[in-house]
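Below: coords.txt (compact mmCIF, C-alpha atoms)
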# COMPACT_ATOMS: atom_id res chain seq x y z
CA MET W 6 34.46 -20.86 -19.09
CA SER W 7 33.51 -20.87 -22.78
CA THR W 8 30.82 -18.57 -24.18
CA GLU W 9 28.62 -21.59 -24.86
CA SER W 10 28.91 -23.00 -21.37
CA THR W 11 28.35 -19.51 -19.92
CA GLU W 12 25.16 -19.18 -21.93
CA SER W 13 24.09 -22.65 -20.94
CA ALA W 14 24.64 -21.83 -17.28
CA GLU W 15 22.69 -18.61 -17.72
CA THR W 16 19.83 -20.45 -19.39
CA ALA W 17 19.68 -22.89 -16.50
CA GLU W 18 19.81 -20.01 -14.04
CA THR W 19 17.01 -18.22 -15.87
CA ALA W 20 14.89 -21.38 -15.83
CA ALA W 21 15.52 -21.83 -12.12
CA ARG W 22 14.55 -18.22 -11.43
CA ALA W 23 11.41 -18.59 -13.53
CA ALA W 24 10.51 -21.68 -11.52
CA ASN W 25 11.14 -19.74 -8.31
CA ALA W 26 8.95 -16.91 -9.58
CA ALA W 27 6.16 -19.35 -10.47
CA GLN W 28 6.49 -20.90 -7.05
CA ALA W 29 6.30 -17.47 -5.45
CA GLU W 30 3.22 -16.60 -7.52
CA SER W 31 1.58 -19.84 -6.47
CA ALA W 32 2.32 -19.09 -2.83
CA ILE W 33 0.62 -15.71 -3.15
CA GLN W 34 -2.47 -17.25 -4.64
CA VAL W 35 -2.98 -19.69 -1.80
CA SER W 36 -1.94 -17.11 0.84
CA ARG W 37 0.48 -19.58 2.35
CA PRO W 38 3.02 -17.98 4.68
CA ARG W 39 6.44 -17.81 3.08
CA ALA W 40 9.84 -17.52 4.71
CA ARG W 41 11.11 -14.01 5.29
CA LEU W 42 13.97 -12.95 3.08
CA ILE W 43 14.43 -9.48 4.50
CA GLU W 44 13.16 -8.06 7.75
CA ALA W 45 13.44 -5.07 10.07
CA ARG W 46 12.69 -5.70 13.74
CA HIS W 47 11.89 -2.76 16.01
CA VAL W 48 14.20 -0.45 14.11
CA VAL W 49 14.85 2.98 15.62
CA LYS W 50 16.62 5.67 13.62
CA SER W 51 17.03 9.38 14.35
CA PHE W 52 18.76 12.17 12.54
CA GLY W 53 20.10 14.43 15.26
CA GLN W 54 17.17 15.14 17.56
CA THR W 55 14.63 14.21 14.89
CA PRO W 56 13.26 10.67 15.14
CA ALA W 57 12.58 9.07 11.75
CA LEU W 58 11.81 5.50 12.84
CA ARG W 59 10.46 4.67 16.30
CA GLY W 60 10.54 0.87 16.38
CA ALA W 61 9.45 -0.07 12.87
CA SER W 62 9.03 -3.76 12.02
CA ILE W 63 8.42 -5.11 8.55
CA ALA W 64 9.21 -8.26 6.57
CA ALA W 65 9.11 -9.38 2.96
CA ALA W 66 9.27 -12.91 1.62
CA SER W 67 11.32 -14.20 -1.27
CA GLY W 68 9.77 -13.16 -4.57
CA GLU W 69 7.26 -10.89 -2.88
CA ILE W 70 6.47 -7.36 -4.03
CA LEU W 71 5.76 -5.22 -0.97
CA ALA W 72 4.57 -1.62 -1.20
CA VAL W 73 5.60 0.63 1.68
CA MET W 74 3.16 3.54 1.85
CA GLY W 75 2.76 6.59 4.04
CA PRO W 76 2.57 10.35 4.00
CA SER W 77 5.59 12.56 3.40
CA GLY W 78 7.97 12.48 6.34
CA SER W 79 6.45 9.30 7.80
CA GLY W 80 9.78 7.46 7.65
CA LYS W 81 9.14 5.13 4.72
CA SER W 82 12.30 6.08 2.79
CA THR W 83 14.40 5.85 5.95
CA LEU W 84 12.99 2.37 6.50
CA LEU W 85 14.03 1.40 2.97
CA HIS W 86 17.53 2.76 3.58
CA CYS W 87 17.80 0.78 6.84
CA LEU W 88 16.58 -2.42 5.17
CA ALA W 89 19.14 -1.90 2.40
CA GLY W 90 21.98 -1.39 4.86
CA ILE W 91 22.57 2.18 3.72
CA PHE W 92 21.64 3.64 7.12
CA PRO W 93 22.69 1.65 10.20
CA PRO W 94 19.81 1.67 12.71
CA ASP W 95 20.34 3.26 16.13
CA SER W 96 18.73 0.16 17.62
CA GLY W 97 16.77 -2.83 16.41
CA GLU W 98 17.73 -5.51 13.96
CA VAL W 99 17.84 -5.89 10.19
CA TRP W 100 17.93 -9.41 8.80
CA PHE W 101 18.68 -10.50 5.28
CA ASP W 102 18.74 -14.10 4.13
CA GLY W 103 19.32 -15.38 7.66
CA ARG W 104 22.09 -12.87 8.53
CA ARG W 105 22.14 -9.80 10.80
CA LEU W 106 22.75 -7.07 8.23
CA ASP W 107 23.08 -4.36 10.88
CA GLU W 108 26.04 -6.19 12.44
CA LEU W 109 28.05 -6.30 9.22
CA SER W 110 30.92 -3.88 8.64
CA GLU W 111 30.49 -1.02 6.17
CA THR W 112 32.69 -2.92 3.70
CA GLU W 113 30.56 -6.05 4.01
CA ARG W 114 27.37 -4.06 3.61
CA THR W 115 28.76 -2.31 0.54
CA LYS W 116 29.61 -5.68 -0.98
CA LEU W 117 26.14 -6.98 -0.18
CA ARG W 118 24.51 -3.94 -1.78
CA ARG W 119 26.56 -4.50 -4.90
CA THR W 120 25.83 -8.22 -5.20
CA ALA W 121 22.45 -8.92 -3.59
CA PHE W 122 20.55 -5.64 -3.82
CA GLY W 123 19.45 -3.41 -6.67
CA PHE W 124 18.20 0.17 -6.42
CA VAL W 125 15.86 2.37 -8.43
CA PHE W 126 15.15 5.90 -7.21
CA GLN W 127 12.74 8.63 -8.23
CA PHE W 128 15.30 10.15 -10.52
CA GLY W 129 17.20 7.40 -12.31
CA GLN W 130 20.55 8.65 -11.10
CA LEU W 131 22.25 7.42 -14.24
CA VAL W 132 25.83 8.59 -14.71
CA PRO W 133 25.29 11.42 -17.20
CA GLU W 134 28.65 11.08 -18.95
CA LEU W 135 28.00 7.42 -19.77
CA SER W 136 25.79 5.87 -22.42
CA ALA W 137 22.76 3.72 -21.59
CA ALA W 138 24.82 0.59 -22.28
CA ASP W 139 27.68 1.88 -20.09
CA ASN W 140 25.29 2.59 -17.23
CA ILE W 141 23.81 -0.91 -17.34
CA ALA W 142 27.21 -2.57 -17.64
CA LEU W 143 28.67 -0.50 -14.79
CA PRO W 144 27.57 -2.65 -11.80
CA LEU W 145 28.91 -5.76 -13.57
CA LEU W 146 32.25 -4.09 -14.29
CA LEU W 147 32.48 -2.97 -10.65
CA GLY W 148 31.83 -6.57 -9.67
CA ARG W 149 34.76 -7.67 -11.86
CA THR W 150 32.70 -9.22 -14.64
CA GLY W 151 34.67 -9.21 -17.91
CA ARG W 152 34.08 -6.20 -20.15
CA ARG W 153 32.83 -8.25 -23.09
CA GLN W 154 30.35 -10.22 -21.01
CA ALA W 155 29.18 -7.10 -19.17
CA TYR W 156 28.36 -5.33 -22.42
CA ARG W 157 26.74 -8.43 -23.87
CA LYS W 158 24.43 -8.55 -20.85
CA ALA W 159 23.78 -4.81 -21.11
CA ALA W 160 22.77 -5.25 -24.76
CA SER W 161 20.48 -8.11 -23.80
CA TRP W 162 18.76 -5.94 -21.16
CA LEU W 163 18.40 -3.01 -23.57
CA ASP W 164 16.75 -5.36 -26.01
CA ARG W 165 14.47 -6.79 -23.31
CA LEU W 166 13.33 -3.29 -22.34
CA GLY W 167 12.77 -2.16 -25.93
CA LEU W 168 15.74 0.21 -25.85
CA ALA W 169 18.13 -1.55 -28.22
CA ASP W 170 18.38 1.55 -30.41
CA LYS W 171 19.29 3.75 -27.41
CA ALA W 172 22.42 1.87 -26.36
CA ALA W 173 24.76 4.74 -27.27
CA ASN W 174 22.52 7.52 -25.93
CA ARG W 175 23.60 9.39 -22.82
CA SER W 176 21.02 10.01 -20.08
CA GLY W 177 20.39 13.55 -21.33
CA GLU W 178 19.34 12.08 -24.65
CA LEU W 179 16.77 9.75 -23.07
CA SER W 180 13.19 10.56 -22.05
CA GLY W 181 12.18 10.24 -18.40
CA GLY W 182 10.56 6.86 -19.01
CA GLU W 183 13.56 5.58 -20.98
CA SER W 184 15.94 6.73 -18.22
CA GLN W 185 13.90 4.83 -15.60
CA ARG W 186 13.90 1.71 -17.78
CA VAL W 187 17.69 1.94 -18.04
CA ALA W 188 17.83 2.43 -14.26
CA ILE W 189 15.71 -0.71 -13.79
CA ALA W 190 18.03 -2.66 -16.08
CA ARG W 191 21.06 -1.36 -14.18
CA ALA W 192 19.44 -2.40 -10.89
CA LEU W 193 18.57 -5.90 -12.09
CA VAL W 194 21.56 -6.75 -14.31
CA THR W 195 23.41 -8.29 -11.36
CA ARG W 196 20.35 -10.42 -10.63
CA PRO W 197 19.85 -9.15 -7.08
CA LYS W 198 17.67 -10.95 -4.57
CA VAL W 199 16.04 -7.69 -3.50
CA LEU W 200 15.17 -4.65 -5.58
CA PHE W 201 14.62 -1.44 -3.60
CA ALA W 202 12.51 1.08 -5.50
CA ASP W 203 11.93 4.50 -3.92
CA GLU W 204 9.14 6.39 -5.74
CA PRO W 205 10.30 4.88 -9.05
CA THR W 206 7.61 6.67 -11.05
CA GLY W 207 7.54 9.89 -9.02
CA SER W 208 9.09 11.96 -11.80
CA LEU W 209 7.01 10.47 -14.63
CA ASP W 210 3.60 11.29 -16.07
CA SER W 211 0.79 8.86 -15.32
CA LEU W 212 0.91 6.77 -18.50
CA THR W 213 4.70 6.54 -18.62
CA GLY W 214 4.69 5.64 -14.94
CA GLU W 215 2.30 2.77 -15.62
CA LYS W 216 4.51 1.43 -18.38
CA VAL W 217 7.54 1.59 -16.09
CA MET W 218 5.66 -0.18 -13.28
CA ASP W 219 4.41 -2.86 -15.70
CA MET W 220 7.98 -3.47 -16.75
CA LEU W 221 9.43 -3.36 -13.26
CA VAL W 222 6.89 -5.78 -11.80
CA GLY W 223 6.93 -8.09 -14.83
CA ILE W 224 10.70 -8.41 -14.85
CA ALA W 225 10.98 -8.72 -11.06
CA ARG W 226 8.52 -11.64 -11.20
CA GLU W 227 10.43 -13.29 -14.05
CA GLU W 228 13.65 -12.90 -12.08
CA GLY W 229 12.05 -14.03 -8.80
CA ALA W 230 13.33 -10.88 -7.09
CA THR W 231 11.78 -9.47 -3.93
CA VAL W 232 10.76 -5.83 -4.41
CA ILE W 233 10.48 -3.23 -1.65
CA LEU W 234 8.50 -0.47 -3.31
CA VAL W 235 8.27 2.83 -1.46
CA THR W 236 5.47 5.02 -2.76
CA HIS W 237 2.81 7.47 -1.66
CA ASP W 238 0.81 6.68 -4.82
CA ALA W 239 -1.98 4.11 -4.39
CA ARG W 240 -2.01 3.35 -8.13
CA VAL W 241 1.66 2.37 -7.92
CA ALA W 242 1.13 0.42 -4.69
CA ALA W 243 -1.62 -1.57 -6.44
CA TYR W 244 1.08 -3.34 -8.47
CA ALA W 245 2.40 -4.93 -5.26
CA ASP W 246 1.25 -8.16 -3.60
CA ARG W 247 0.42 -6.27 -0.40
CA GLU W 248 1.08 -2.99 1.33
CA ALA W 249 2.44 -1.77 4.64
CA MET W 250 1.59 1.65 6.04
CA VAL W 251 4.25 3.75 7.76
CA ARG W 252 3.01 6.50 10.04
CA ASP W 253 5.11 8.60 12.43
CA GLY W 254 8.04 6.21 12.19
CA LEU W 255 6.02 3.06 12.85
CA VAL W 256 4.58 0.42 10.56
CA THR W 257 0.93 0.73 11.55
CA SER W 258 -0.88 -1.63 9.20
CA PRO W 259 1.52 -4.19 7.87
CA SER W 260 -1.12 -6.63 6.60
CA ASP W 261 1.73 -8.90 7.51
CA ALA W 262 0.68 -12.08 9.24
CA PRO W 263 3.59 -13.63 11.08
CA VAL W 264 5.43 -16.15 8.97
CA ALA W 265 8.01 -18.70 9.89
CA PRO W 266 11.41 -17.04 10.37
CA MET E 2 -26.55 5.21 3.38
CA SER E 3 -28.00 2.89 6.03
CA VAL E 4 -30.58 4.90 7.97
CA PRO E 5 -31.50 2.03 10.36
CA LEU E 6 -27.91 1.37 11.37
CA THR E 7 -27.17 5.08 11.71
CA LEU E 8 -30.19 5.56 13.99
CA LEU E 9 -29.11 2.50 15.99
CA GLY E 10 -25.67 4.06 16.34
CA LEU E 11 -27.21 7.27 17.66
CA LEU E 12 -29.31 5.22 20.06
CA GLU E 13 -26.21 3.46 21.35
CA ARG E 14 -24.90 6.83 22.44
CA GLU E 15 -27.99 7.47 24.55
CA PRO E 16 -31.68 6.49 24.59
CA SER E 17 -33.64 9.05 22.57
CA HIS E 18 -37.01 10.10 21.27
CA GLY E 19 -37.69 9.99 17.55
CA TYR E 20 -37.65 13.77 17.38
CA ASP E 21 -34.18 14.02 18.95
CA LEU E 22 -32.86 11.26 16.73
CA LYS E 23 -34.07 13.07 13.63
CA ARG E 24 -32.51 16.33 14.82
CA GLU E 25 -29.13 14.67 15.47
CA TYR E 26 -29.26 12.78 12.19
CA ASP E 27 -29.97 15.97 10.26
CA ILE E 28 -27.13 17.85 12.01
CA PHE E 29 -24.48 15.26 11.29
CA PHE E 30 -25.62 13.35 8.23
CA GLY E 31 -28.54 15.18 6.61
CA ARG E 32 -26.48 17.67 4.64
CA GLY E 33 -29.43 19.48 3.10
CA LYS E 34 -31.50 16.32 2.89
CA PRO E 35 -33.34 16.04 6.23
CA LEU E 36 -34.76 12.70 7.30
CA PRO E 37 -38.58 12.70 7.09
CA PHE E 38 -40.34 12.13 10.43
CA GLY E 39 -42.32 9.32 8.88
CA GLN E 40 -39.14 7.46 7.98
CA VAL E 41 -37.73 7.94 11.49
CA TYR E 42 -40.77 6.43 13.23
CA ALA E 43 -41.18 3.65 10.68
CA THR E 44 -37.52 2.73 11.11
CA LEU E 45 -37.74 2.80 14.90
CA GLY E 46 -40.80 0.57 14.71
CA ARG E 47 -38.91 -1.97 12.61
CA LEU E 48 -35.89 -1.85 14.94
CA ALA E 49 -38.19 -2.54 17.91
CA ARG E 50 -39.96 -5.34 16.02
CA ASP E 51 -36.58 -6.97 15.23
CA GLY E 52 -35.38 -6.75 18.84
CA LYS E 53 -32.64 -4.22 18.16
CA ALA E 54 -34.29 -1.44 20.17
CA VAL E 55 -37.05 -1.27 22.76
CA ALA E 56 -39.64 1.47 23.08
CA GLY E 57 -40.49 2.86 26.51
CA ASP E 58 -43.93 3.93 27.58
CA SER E 59 -45.41 7.04 25.98
CA GLU E 60 -44.39 10.18 27.83
CA PRO E 61 -46.51 13.31 28.15
CA GLY E 62 -45.84 16.11 25.67
CA SER E 63 -46.59 17.26 22.20
CA GLY E 64 -45.53 15.51 18.99
CA PRO E 65 -46.54 12.36 17.20
CA ASP E 66 -44.64 9.89 19.36
CA ARG E 67 -43.20 10.50 22.81
CA LYS E 68 -41.64 7.07 23.30
CA ARG E 69 -38.02 6.90 24.34
CA TYR E 70 -36.11 4.20 22.46
CA THR E 71 -33.20 2.24 23.93
CA ILE E 72 -30.77 0.03 22.02
CA THR E 73 -30.65 -3.66 22.94
CA GLY E 74 -27.65 -5.99 23.14
CA LEU E 75 -28.53 -7.30 19.68
CA GLY E 76 -28.62 -3.74 18.33
CA THR E 77 -25.26 -2.90 19.89
CA THR E 78 -23.70 -6.00 18.38
CA GLU E 79 -25.04 -5.02 14.98
CA VAL E 80 -23.65 -1.48 15.24
CA GLU E 81 -20.30 -2.81 16.38
CA ALA E 82 -20.07 -5.19 13.42
CA TRP E 83 -21.18 -2.52 10.95
CA LEU E 84 -18.67 0.06 12.14
CA THR E 85 -15.82 -2.43 12.00
CA GLU E 86 -16.37 -3.93 8.58
CA PRO E 87 -15.10 -2.05 5.52
CA VAL E 88 -17.64 -0.87 2.98
CA GLU E 89 -17.41 -2.73 -0.30
CA PRO E 90 -15.20 -0.48 -2.42
CA GLU E 91 -17.16 1.21 -5.18
CA PRO E 92 -17.42 4.76 -6.45
CA HIS E 93 -19.14 7.50 -4.47
CA LEU E 94 -18.81 6.02 -1.01
CA GLN E 95 -17.81 9.18 0.79
CA THR E 96 -21.14 9.71 2.56
CA LEU E 97 -21.19 6.23 4.05
CA LEU E 98 -17.51 6.38 4.97
CA PHE E 99 -18.10 9.74 6.63
CA THR E 100 -21.03 8.35 8.61
CA LYS E 101 -18.93 5.46 9.91
CA VAL E 102 -16.11 7.78 10.91
CA VAL E 103 -18.40 10.21 12.77
CA LEU E 104 -20.32 7.44 14.55
CA SER E 105 -17.06 5.75 15.55
CA ILE E 106 -15.91 9.00 17.16
CA MET E 107 -19.29 9.51 18.87
CA LEU E 108 -19.23 6.01 20.33
CA GLY E 109 -15.58 6.12 21.41
CA ARG E 110 -14.48 3.51 18.90
CA SER E 111 -11.34 3.78 16.80
CA ALA E 112 -12.12 5.72 13.65
CA GLU E 113 -8.46 5.38 12.69
CA HIS E 114 -8.67 1.60 12.81
CA TYR E 115 -11.77 1.70 10.64
CA LEU E 116 -10.06 3.97 8.10
CA ASP E 117 -7.03 1.62 8.00
CA THR E 118 -9.34 -1.33 7.37
CA GLN E 119 -11.14 0.59 4.65
CA ARG E 120 -7.82 1.64 3.07
CA ALA E 121 -6.73 -2.01 2.94
CA ALA E 122 -10.04 -3.00 1.31
CA HIS E 123 -9.65 -0.27 -1.30
CA LEU E 124 -6.07 -1.23 -2.07
CA GLY E 125 -7.13 -4.86 -2.38
CA ARG E 126 -9.71 -3.88 -4.99
CA MET E 127 -7.16 -1.67 -6.75
CA ARG E 128 -4.79 -4.65 -6.97
CA GLU E 129 -7.54 -6.70 -8.66
CA LEU E 130 -8.24 -3.91 -11.15
CA THR E 131 -4.52 -3.39 -11.83
CA GLU E 132 -4.14 -7.09 -12.61
CA LEU E 133 -7.18 -6.89 -14.91
CA LYS E 134 -5.54 -3.93 -16.61
CA ARG E 135 -2.25 -5.76 -17.10
CA SER E 136 -3.80 -8.94 -18.43
CA GLY E 137 -6.93 -7.73 -20.20
CA SER E 138 -7.86 -5.96 -23.42
CA THR E 139 -7.74 -2.22 -24.01
CA ALA E 140 -11.43 -2.04 -23.13
CA ASP E 141 -10.76 -3.91 -19.88
CA ALA E 142 -7.91 -1.55 -19.14
CA LEU E 143 -10.06 1.54 -19.67
CA LEU E 144 -12.85 0.17 -17.50
CA ALA E 145 -10.34 -0.79 -14.84
CA ASP E 146 -8.90 2.74 -15.02
CA HIS E 147 -12.34 4.20 -14.35
CA GLY E 148 -12.61 2.17 -11.17
CA LEU E 149 -9.01 2.85 -10.17
CA PHE E 150 -9.40 6.63 -10.44
CA HIS E 151 -12.55 6.58 -8.28
CA LEU E 152 -10.95 4.32 -5.69
CA GLU E 153 -7.89 6.55 -5.68
CA ALA E 154 -10.12 9.55 -4.95
CA ASP E 155 -11.66 7.66 -2.01
CA LEU E 156 -8.19 6.80 -0.74
CA ARG E 157 -7.14 10.43 -0.87
CA TRP E 158 -10.23 11.28 1.15
CA ILE E 159 -9.36 8.51 3.64
CA ASP E 160 -5.83 9.93 4.01
CA VAL E 161 -7.08 13.49 4.47
CA THR E 162 -9.66 12.33 7.01
CA SER E 163 -7.02 10.32 8.91
CA ALA E 164 -4.92 13.46 9.14
CA ARG E 165 -7.89 15.51 10.42
CA LEU E 166 -9.44 13.04 12.85
CA SER E 167 -8.64 15.06 15.95
CA ALA E 168 -10.25 18.20 14.49
CA LEU E 169 -13.32 16.17 13.51
CA ALA E 170 -13.48 14.63 16.98
CA ASP E 171 -13.44 18.13 18.53
CA MET E 172 -16.31 19.18 16.24
CA VAL E 173 -18.39 16.06 16.97
CA ARG E 174 -17.94 16.38 20.74
CA ALA E 175 -18.79 20.07 20.68
CA ALA E 176 -21.99 19.59 18.65
Please, can you express the file's structure as structure tokens?
Amino acid sequence: MSTESTESAETAETAARAANAAQAESAIQVSRPRARLIEARHVVKSFGQTPALRGASIAAASGEILAVMGPSGSGKSTLLHCLAGIFPPDSGEVWFDGRRLDELSETERTKLRRTAFGFVFQFGQLVPELSAADNIALPLLLGRTGRRQAYRKAASWLDRLGLADKAANRSGELSGGESQRVAIARALVTRPKVLFADEPTGSLDSLTGEKVMDMLVGIAREEGATVILVTHDARVAAYADREAMVRDGLVTSPSDAPVAP
Amino acid sequence: MSVPLTLLGLLEREPSHGYDLKREYDIFFGRGKPLPFGQVYATLGRLARDGKAVAGDSEPGSGPDRKRYTITGLGTTEVEAWLTEPVEPEPHLQTLLFTKVVLSIMLGRSAEHYLDTQRAAHLGRMRELTELKRSGSTADALLADHGLFHLEADLRWIDVTSARLSALADMVRAA
């Protein structure tokens, strides 16, 4: 495929995603039930004798930003890991895009995580030996995208996040906020359907955290990505479309009216 | 603070004289600001006039009014609705939130459910302010921040209270 046709295809894809995002926004405004993209049904998960989830159920629609809140140790991060296929549940079901994720093999789940999911954690978890551009290009290279195209996309993301002059900087040479922005770019560069963010501003000061959340939410909406946002911080949760409370391994207030499966 | 609804809530627990109602109110909700007798009897009179409570015959004894008041079905319905609905989120709500939590415990209703409802209302308002902050001017953002910080403080109080409900219930039942 030529560079021109690749760009043309990307432009069309971007337009389609923008339309999807607008559609998702419209759906929020009229509170119309939307189809579930990702869902946990009665998920149970223990670590040894310690129960972490005791039948948790939660669902998020396409393009929705869902905050998962709860006190420390309530099970909210475990729920995120089960939804993302990182932890297999002891019982219960996890659905993604019409498929039973918990029934997939480890290899299939790994592939899904690489292609359909993106991750941002409290600490950016950038590879310290690599530059910002390398870190963003990495998921594309692992997914067998050509080196030239991967770095072109990385440069485009750095530009979009106001980090064009930091492309060659290693993570140790970036501020906390810059590192999280690079982590967001790395998570979204493959254009995942779901972005999992676990306390994405937990290591940042209040103002920097707000800038990161502004960016994360703004870009996720432009891309039409669903976001599962785990946080104990109400100010961070307020960026989401709605919230679900996890308490003692159960989702106790999902504010989640049943929607068509 | 809604004195009429709080007195109605205390009446739902058991029929009482004005004096006993005042004493209970002061113990739980007065906090250094006791309810004047005059306000108690005036409020009870209005509740009786509006059909939310009925006054019994005067009983022998000292004091300005020895009538025993009993809540009516209308009064109970009003208390039920009041305890269930979240308070409109605004700064400095703690006293009213506290009253609803304590009365819910006294009346055997779910204080936890109320706190969850209130948390959802607060988060809903925080979402509105966050959107204002993202789309508005710097002045809008600063004003929104003022509201967000106050709502956040309320939410922290809601979380702490949720975690201490059983201790509060023990205290209320022992009083």
(request) Kindly give the distance, in Å, that separates CA of Gly229 in chain W and CA of Gly68 in chain W, rounded to a single decimal. (result)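 Taking CA of Gly229 in chain W and CA of Gly68 in chain W, their separation equals 4.9 Å.
Reported to one decimal place, the separation of CA of Ala112 in chain E from CA of Gly52 in chain E is 26.9 Å.
Note that the spacing between CA of Thr231 in chain W and CA of Phe101 in chain W amounts to 11.6 Å.
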Do me a favour and pick out the residues of chain E within 7 Å of chain W, using only C-alpha atoms, as a PDB file with C-alpha atoms, keeping the file's coordinate frame.
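Contents of iface-v2.pdb, freshly written:
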ATOM      1  CA  LEU E 124      -6.070  -1.230  -2.070  1.00  0.00           C
ATOM      2  CA  MET E 127      -7.160  -1.670  -6.750  1.00  0.00           C
ATOM      3  CA  ARG E 128      -4.790  -4.650  -6.970  1.00  0.00           C
ATOM      4  CA  THR E 131      -4.520  -3.390 -11.830  1.00  0.00           C
ATOM      5  CA  GLU E 153      -7.890   6.550  -5.680  1.00  0.00           C
TER       6      GLU E 153
END
Considering only C-alpha atoms, return as an mmCIF file with C-alpha atoms, keeping the file's coordinate frame whatever protein or nucleic-acid residues lie within 7 Å of range 102-114 of chain W, sequence-local ones (same chain, fewer than 4 positions apart) excluded.
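Written out: selection-v8.cif:
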data_model
loop_
_atom_site.group_PDB
_atom_site.id
_atom_site.type_symbol
_atom_site.label_atom_id
_atom_site.label_comp_id
_atom_site.auth_asym_id
_atom_site.auth_seq_id
_atom_site.Cartn_x
_atom_site.Cartn_y
_atom_site.Cartn_z
ATOM 1 C CA LEU W 42 13.970 -12.950 3.080
ATOM 2 C CA ILE W 43 14.430 -9.480 4.500
ATOM 3 C CA GLY W 90 21.980 -1.390 4.860
ATOM 4 C CA PRO W 93 22.690 1.650 10.200
ATOM 5 C CA GLU W 98 17.730 -5.510 13.960
ATOM 6 C CA ARG W 118 24.510 -3.940 -1.780
#
(request) Could you tell me which of E:Trp158, E:Tyr70, E:Phe38, E:Trp83 comes closest to Lys23 in chain E if we count only C-alpha atoms? (result)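 Of the candidates, the smallest distance to Lys23 in chain E is held by E:Phe38.
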(message) Quick one: residues within 12 Å of Leu97 in chain E, only C-alpha atoms, excluding same-chain residues fewer than 2 positions away - as a VMD selection string?
(response) chain E and resid 2 to 4 6 to 7 30 to 31 83 to 84 87 to 95 99 to 104 119 155
(message) List as a ChimeraX atom specification the protein and nucleic acid residues near Arg120 in chain E, meaning an atom at most 8 Å away when only C-alpha atoms are counted, but skip any in the same chain fewer than 4 places from it.
(response) /E:116,124,156,159
(request) May I have the residues within 10 Å of range 194-199 of chain W as number ranges by chain, using all atoms listed in the file and disregarding those fewer than 5 positions away in the same chain? (result) W: 19, 22, 42-43, 65-70, 89, 101-102, 117-124, 141-145, 148, 150, 155, 158-159, 161-162, 188-189, 225, 228-233
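Each of E:Leu130, E:Ile28, E:Arg69, E:Val173 was checked against Leu144 in chain E using all atoms listed in the file; the smallest atom-to-atom distance is that of E:Leu130.
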(request) Select, from W:Asn140, W:Thr206, W:Ser96, W:Gln185, the residue with the minimum atom-to-atom distance to Leu234 in chain W, counting all atoms listed in the file. (result)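 The shortest atom-to-atom distance to Leu234 in chain W comes from W:Thr206.
Residues in contact with Leu9 in chain E at up to 10 Å, not including ones fewer than 2 positions away on its chain and judged by only C-alpha atoms, are Val4, Pro5, Leu6, Thr7, Leu11, Leu12, Glu13, Arg14, Glu15, Pro16, Leu22, Thr44, Leu45, Leu48, Lys53, Ala54, Tyr70, Thr71, Ile72, Thr73, Gly76, Thr77, Glu79 and Val80 of chain E.
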To box range 101-118 of chain E, take all atoms listed in the file, fit an axis-aligned box, add 5 Å on each side, and give centre and edge lengths in Å to one decimal, as lines of an AutoDock Vina configuration file.
center_x = -13.7
center_y = 4.4
center_z = 14.4
size_x = 23.3
size_y = 21.5
size_z = 24.0
(message) With 10 Å as the threshold, what does the neighbourhood of (9.6, 4.2, -16.8) contain in terms of residues, counting all atoms listed in the file? Coordinates are those of the file; answer as a list of chain:residue names.
(response) W:Gly129, W:Ser180, W:Gly181, W:Gly182, W:Glu183, W:Ser184, W:Gln185, W:Arg186, W:Val187, W:Ala188, W:Ile189, W:Pro205, W:Thr206, W:Gly207, W:Ser208, W:Leu209, W:Asp210, W:Leu212, W:Thr213, W:Gly214, W:Glu215, W:Lys216, W:Val217, W:Met218, W:Asp219, W:Met220, W:Leu221
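Take the candidates E:Ala168, E:Ala145, E:Ala121, E:Ala43 and check each one against Met74 in chain W using all atoms listed in the file; the shortest distance goes to E:Ala121.
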(request) Taking the point (5.1, 6.8, 11.7) as given in the file, collect each protein or nucleic acid residue that comes within 12 Å of it, counting all atoms listed in the file, and present the set as number ranges by chain. (result) W: 48-50, 56-62, 73-84, 249-258
Using the selection just defined, write its residues with C-alpha atoms as a tab-separated table (two decimals), keeping the file's coordinate frame.
chain	number	residue	atom	x	y	z
W	48	VAL	CA	14.20	-0.45	14.11
W	49	VAL	CA	14.85	2.98	15.62
W	50	LYS	CA	16.62	5.67	13.62
W	56	PRO	CA	13.26	10.67	15.14
W	57	ALA	CA	12.58	9.07	11.75
W	58	LEU	CA	11.81	5.50	12.84
W	59	ARG	CA	10.46	4.67	16.30
W	60	GLY	CA	10.54	0.87	16.38
W	61	ALA	CA	9.45	-0.07	12.87
W	62	SER	CA	9.03	-3.76	12.02
W	73	VAL	CA	5.60	0.63	1.68
W	74	MET	CA	3.16	3.54	1.85
W	75	GLY	CA	2.76	6.59	4.04
W	76	PRO	CA	2.57	10.35	4.00
W	77	SER	CA	5.59	12.56	3.40
W	78	GLY	CA	7.97	12.48	6.34
W	79	SER	CA	6.45	9.30	7.80
W	80	GLY	CA	9.78	7.46	7.65
W	81	LYS	CA	9.14	5.13	4.72
W	82	SER	CA	12.30	6.08	2.79
W	83	THR	CA	14.40	5.85	5.95
W	84	LEU	CA	12.99	2.37	6.50
W	249	ALA	CA	2.44	-1.77	4.64
W	250	MET	CA	1.59	1.65	6.04
W	251	VAL	CA	4.25	3.75	7.76
W	252	ARG	CA	3.01	6.50	10.04
W	253	ASP	CA	5.11	8.60	12.43
W	254	GLY	CA	8.04	6.21	12.19
W	255	LEU	CA	6.02	3.06	12.85
W	256	VAL	CA	4.58	0.42	10.56
W	257	THR	CA	0.93	0.73	11.55
W	258	SER	CA	-0.88	-1.63	9.20
